[in-house]
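Pasted below: data14.cif, mmCIF, C-alpha atoms.
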```
data_final
#
loop_
_atom_site.label_atom_id
_atom_site.label_comp_id
_atom_site.auth_asym_id
_atom_site.auth_seq_id
_atom_site.Cartn_x
_atom_site.Cartn_y
_atom_site.Cartn_z
CA MET K 161 96.17 -77.68 136.99
CA LEU K 162 98.76 -79.99 138.58
CA LEU K 163 101.22 -77.14 139.07
CA LYS K 164 98.59 -74.86 140.56
CA SER K 165 97.45 -77.58 142.95
CA ILE K 166 101.00 -78.23 144.09
CA GLN K 167 101.79 -74.54 144.47
CA ALA K 168 98.67 -73.92 146.55
CA GLY K 169 99.36 -76.91 148.74
CA VAL K 170 102.97 -76.03 149.37
CA ILE K 171 101.95 -72.55 150.46
CA ALA K 172 99.49 -74.11 152.89
CA ALA K 173 102.07 -76.63 153.99
CA SER K 174 104.50 -73.89 154.86
CA LEU K 175 102.29 -72.97 157.78
CA LEU K 176 103.40 -76.17 159.48
CA ALA K 177 107.06 -76.16 158.50
CA SER K 178 110.02 -76.54 160.79
CA PRO K 179 113.23 -74.70 159.97
CA VAL K 180 115.20 -73.54 162.99
CA VAL K 181 116.01 -70.09 161.66
CA PHE K 182 113.25 -67.77 160.54
CA ALA K 183 112.34 -64.11 160.21
CA GLN K 184 110.49 -62.71 163.17
CA LYS K 185 109.67 -59.38 164.69
CA ALA K 186 112.82 -57.44 165.42
CA ASP K 187 111.85 -56.88 169.03
CA SER K 188 111.20 -60.55 169.84
CA PRO K 189 113.43 -61.82 172.67
CA GLN K 190 115.72 -64.72 171.87
CA SER K 191 113.92 -66.86 174.43
CA LYS K 192 110.71 -66.53 172.43
CA LYS K 193 112.49 -67.29 169.16
CA ASP K 194 113.87 -70.45 170.73
CA LEU K 195 110.39 -71.56 171.79
CA ILE K 196 109.07 -71.02 168.28
CA ALA K 197 111.97 -72.97 166.82
CA ARG K 198 111.13 -75.91 169.10
CA LEU K 199 107.46 -75.69 168.19
CA LEU K 200 108.16 -75.62 164.47
CA LYS K 201 110.52 -78.55 164.69
CA LEU K 202 107.80 -80.63 166.30
CA GLN K 203 105.67 -79.98 163.21
CA GLN K 204 108.14 -81.38 160.67
CA PRO K 205 106.27 -84.69 160.24
CA ALA K 206 103.08 -82.72 159.60
CA ILE K 207 104.64 -80.53 156.91
CA GLU K 208 106.15 -83.53 155.18
CA ALA K 209 102.90 -85.50 155.24
CA LEU K 210 100.90 -82.50 154.05
CA THR K 211 103.32 -81.77 151.23
CA MET K 212 103.20 -85.39 150.10
CA SER K 213 99.40 -85.29 150.06
CA VAL K 214 99.57 -82.14 147.95
CA LEU K 215 101.84 -83.96 145.50
CA THR K 216 99.88 -87.22 145.34
CA ARG K 217 96.33 -85.80 145.26
CA PRO K 218 96.43 -84.54 141.65
CA VAL K 219 98.26 -87.71 140.61
CA GLN K 220 95.48 -89.81 142.11
CA GLU K 221 92.90 -87.64 140.36
CA LEU K 222 94.72 -88.13 137.05
CA ALA K 223 94.77 -91.88 137.60
CA ALA K 224 91.04 -91.87 138.30
CA LYS K 225 90.36 -89.94 135.10
CA ALA K 226 92.61 -92.23 133.07
CA ALA K 227 90.91 -95.42 134.25
CA PRO K 228 87.70 -95.03 132.17
CA ALA K 229 89.76 -94.11 129.10
CA LEU K 230 91.53 -97.47 129.29
CA ARG K 231 88.34 -99.06 128.03
CA ASN K 232 89.06 -97.44 124.66
CA VAL K 233 92.48 -99.11 124.43
CA PRO K 234 92.49 -102.39 122.46
CA GLU K 235 92.21 -105.29 124.88
CA ALA K 236 95.50 -106.77 123.71
CA ARG K 237 97.36 -103.63 124.84
CA ARG K 238 95.19 -102.60 127.78
CA GLU K 239 97.13 -104.29 130.57
CA ALA K 240 100.49 -103.06 129.28
CA VAL K 241 99.23 -99.49 128.95
CA ALA K 242 97.76 -99.58 132.45
CA LYS K 243 101.07 -100.79 133.89
CA GLN K 244 103.00 -98.10 132.02
CA ILE K 245 100.68 -95.38 133.33
CA ASP K 246 101.12 -96.70 136.88
CA THR K 247 104.89 -96.67 136.40
CA ASP K 248 104.86 -93.10 135.06
CA LEU K 249 102.69 -91.83 137.90
CA LYS K 250 104.86 -93.51 140.53
CA LYS K 251 108.02 -92.11 138.93
CA PHE K 252 106.54 -88.61 138.97
CA VAL K 253 105.88 -88.88 142.70
CA ASP K 254 109.26 -90.43 143.45
CA ASP K 255 111.15 -87.82 141.41
CA ASN K 256 109.38 -84.85 142.96
CA ALA K 257 108.74 -85.90 146.56
CA LYS K 258 111.99 -84.90 148.25
CA PRO K 259 112.55 -81.65 146.28
CA LEU K 260 108.99 -80.53 147.01
CA VAL K 261 109.23 -81.38 150.71
CA ASP K 262 112.52 -79.48 150.97
CA LYS K 263 110.98 -76.44 149.28
CA GLY K 264 107.94 -76.66 151.55
CA LEU K 265 110.14 -76.60 154.63
CA LYS K 266 111.96 -73.53 153.37
CA LEU K 267 108.71 -71.58 152.94
CA ALA K 268 108.09 -71.39 156.69
CA PRO K 269 110.47 -68.55 157.65
CA SER K 270 108.16 -65.74 156.60
CA THR K 271 104.89 -67.47 157.45
CA MET K 272 104.58 -69.76 160.44
CA GLY K 273 107.37 -68.24 162.49
CA VAL K 274 106.04 -64.72 162.09
CA ALA K 275 102.44 -65.78 162.70
CA LEU K 276 103.35 -67.58 165.91
CA ASP K 277 105.38 -64.60 167.04
CA GLU K 278 102.49 -62.23 166.45
CA LYS K 279 99.63 -64.37 167.77
CA PHE K 280 101.15 -66.07 170.82
CA THR K 281 102.78 -64.70 173.90
CA GLU K 282 105.89 -66.37 175.27
CA ASP K 283 103.89 -67.89 178.11
CA GLU K 284 101.32 -69.31 175.67
CA LEU K 285 104.10 -70.86 173.61
CA LYS K 286 105.46 -72.53 176.74
CA GLN K 287 102.04 -73.97 177.52
CA LEU K 288 101.62 -75.19 173.95
CA LEU K 289 105.01 -76.86 173.96
CA ALA K 290 104.34 -78.47 177.31
CA TRP K 291 101.28 -80.14 175.81
CA LEU K 292 102.84 -81.11 172.47
CA GLU K 293 105.90 -82.60 174.15
CA SER K 294 103.92 -84.48 176.79
CA PRO K 295 103.57 -88.29 176.66
CA VAL K 296 99.78 -87.95 176.48
CA SER K 297 99.96 -85.71 173.41
CA ARG K 298 102.34 -88.08 171.67
CA LYS K 299 100.16 -91.06 172.50
CA PHE K 300 97.11 -89.26 171.12
CA ALA K 301 98.98 -88.40 167.90
CA GLU K 302 100.07 -92.02 167.49
CA SER K 303 96.50 -93.21 168.03
CA SER K 304 94.82 -90.71 165.73
CA GLN K 305 95.16 -92.82 162.56
CA GLU K 306 93.70 -95.88 164.28
CA LEU K 307 90.81 -93.79 165.64
CA GLN K 308 90.09 -92.41 162.17
CA SER K 309 90.22 -95.89 160.64
CA ILE K 310 87.75 -97.28 163.18
CA TYR K 311 85.37 -94.40 162.59
CA THR K 312 85.66 -94.52 158.79
CA LYS K 313 85.13 -98.28 158.60
CA LYS K 314 81.98 -98.11 160.71
CA LEU K 315 80.66 -95.15 158.72
CA ILE K 316 81.15 -97.02 155.44
CA ASP K 317 79.81 -100.33 156.77
CA ASP K 318 76.61 -98.59 157.86
CA ASN K 319 76.16 -96.23 154.90
CA GLY K 320 78.40 -97.28 152.02
CA LYS K 321 75.92 -99.49 150.13
CA ALA K 322 73.17 -96.87 150.23
CA LEU K 323 75.53 -94.12 149.09
CA ASP K 324 76.91 -96.32 146.30
CA ASP K 325 73.38 -96.91 145.01
CA LYS K 326 72.61 -93.20 145.15
CA PHE K 327 75.90 -92.33 143.47
CA THR K 328 75.19 -94.81 140.67
CA ALA K 329 71.78 -93.21 140.15
CA LEU K 330 73.41 -89.78 140.09
CA GLN K 331 75.92 -90.94 137.45
CA ALA K 332 73.09 -92.30 135.31
CA ASN K 333 71.11 -89.07 135.65
CA VAL K 334 74.07 -86.89 134.68
CA ALA K 335 74.89 -89.15 131.73
CA LYS K 336 71.27 -88.99 130.57
CA GLN K 337 71.25 -85.19 130.70
CA LEU K 338 74.47 -85.13 128.67
CA GLY K 339 73.10 -87.61 126.17
CA LEU K 340 75.76 -90.15 127.08
CA GLU K 341 75.61 -93.80 127.87
CA PRO K 342 76.21 -94.23 131.62
CA ALA K 343 79.58 -95.78 132.38
CA PRO K 344 79.55 -99.22 134.03
CA ALA K 345 79.41 -98.88 137.79
CA GLN K 346 82.81 -99.17 139.44
CA PRO K 347 83.06 -100.95 142.82
CA GLY K 348 83.51 -98.39 145.55
CA ALA K 349 83.12 -95.52 143.06
CA SER K 350 81.26 -93.31 145.46
CA ALA K 351 82.73 -90.97 148.02
CA ALA K 352 81.91 -93.58 150.65
CA LYS K 353 85.25 -95.30 150.82
CA PRO K 354 88.11 -95.16 153.27
CA ALA K 355 90.36 -92.15 153.06
CA ALA K 356 93.62 -92.87 151.26
CA LYS K 357 96.55 -93.58 153.52
CA PRO K 358 99.00 -90.68 153.61
CA ALA K 359 101.94 -91.13 151.30
CA PRO K 360 105.11 -92.21 153.07
CA THR K 361 107.41 -89.41 154.07
CA PRO K 362 110.47 -89.37 151.82
CA LYS K 363 113.70 -90.36 153.53
CA LYS K 364 116.33 -87.70 153.83
#
```

As structure tokens, please, write out the structure in this file.
Amino acid sequence: MLLKSIQAGVIAASLLASPVVFAQKADSPQSKKDLIARLLKLQQPAIEALTMSVLTRPVQELAAKAAPALRNVPEARREAVAKQIDTDLKKFVDDNAKPLVDKGLKLAPSTMGVALDEKFTEDELKQLLAWLESPVSRKFAESSQELQSIYTKKLIDDNGKALDDKFTALQANVAKQLGLEPAPAQPGASAAKPAAKPAPTPKK
């Protein structure tokens, strides 16, 4: 499951990659190829962030699934086991981050470059670059995380408690249908919690 998730995400990530050299239509003028190269290079932070999210998402899911199982570990060993699991998960991410990002970047030649070449005219690429390279576009990109945080916090403040109560009831109902004892409610267990911060981009 982890491998499939990573493979699918890297393929998606390749659509935002940024190598300078890529396969394009044979009849594309060099001027258009140069525009596409500039456009792809601007997307390098996006490909790296997306690839990291692909890597960390299944790890986070594994951590979430492991948490309830810790209750079955003898209390004397529970803290040590939890720390070891955290260490193993972090090591997995650290060991695989840079290699996966590098592979993701290399997937772009036959995907993003060709798609841009086929779907955009040279004039449209110039217009797109003019916007992406403008101070306003950069300011908007820098502000996007803050805007999302403000929105998410207000959404949770207004609706989180109600959704938590409903999610707890849902857990109890599912457990009852399965003939299981409902697990103790976990703080913030519902979907109504802030989105995880994107994993830091690995240094090259």

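The two atoms in question, atom CA of K:Leu307 and atom CA of K:Leu288, are spaced 23.1 Å apart.
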
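Interatomic distance, atom CA of K:Leu267 to atom CA of K:Pro205: 15.2 Å.
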
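From atom CA of K:Glu282 back to atom CA of K:Ala206, the distance works out to 22.8 Å.
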
Return as a Markdown table the residues of stretch 252-336 of chain K lying at most 10 Å from stretch 227-248 of chain K, together with the closest atom-to-atom pair for each and the distance in Å to one decimal, counting only C-alpha atoms, with rows in chain order and ascending residue number.
```
| residue | atom | partner | partner_atom | distance |
| --- | --- | --- | --- | --- |
| K:Phe252 | CA | K:Asp248 | CA | 6.2 |
| K:Val253 | CA | K:Asp248 | CA | 8.8 |
| K:Asp254 | CA | K:Asp248 | CA | 9.8 |
```

Original post:
From the set K:Lys314, K:Arg198, K:Arg217, K:Lys299, which residue has the shortest atom-to-atom contact distance to K:Lys286, counting only C-alpha atoms?
Top reply: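 Answer, going by the shortest atom-to-atom distance: K:Arg198.
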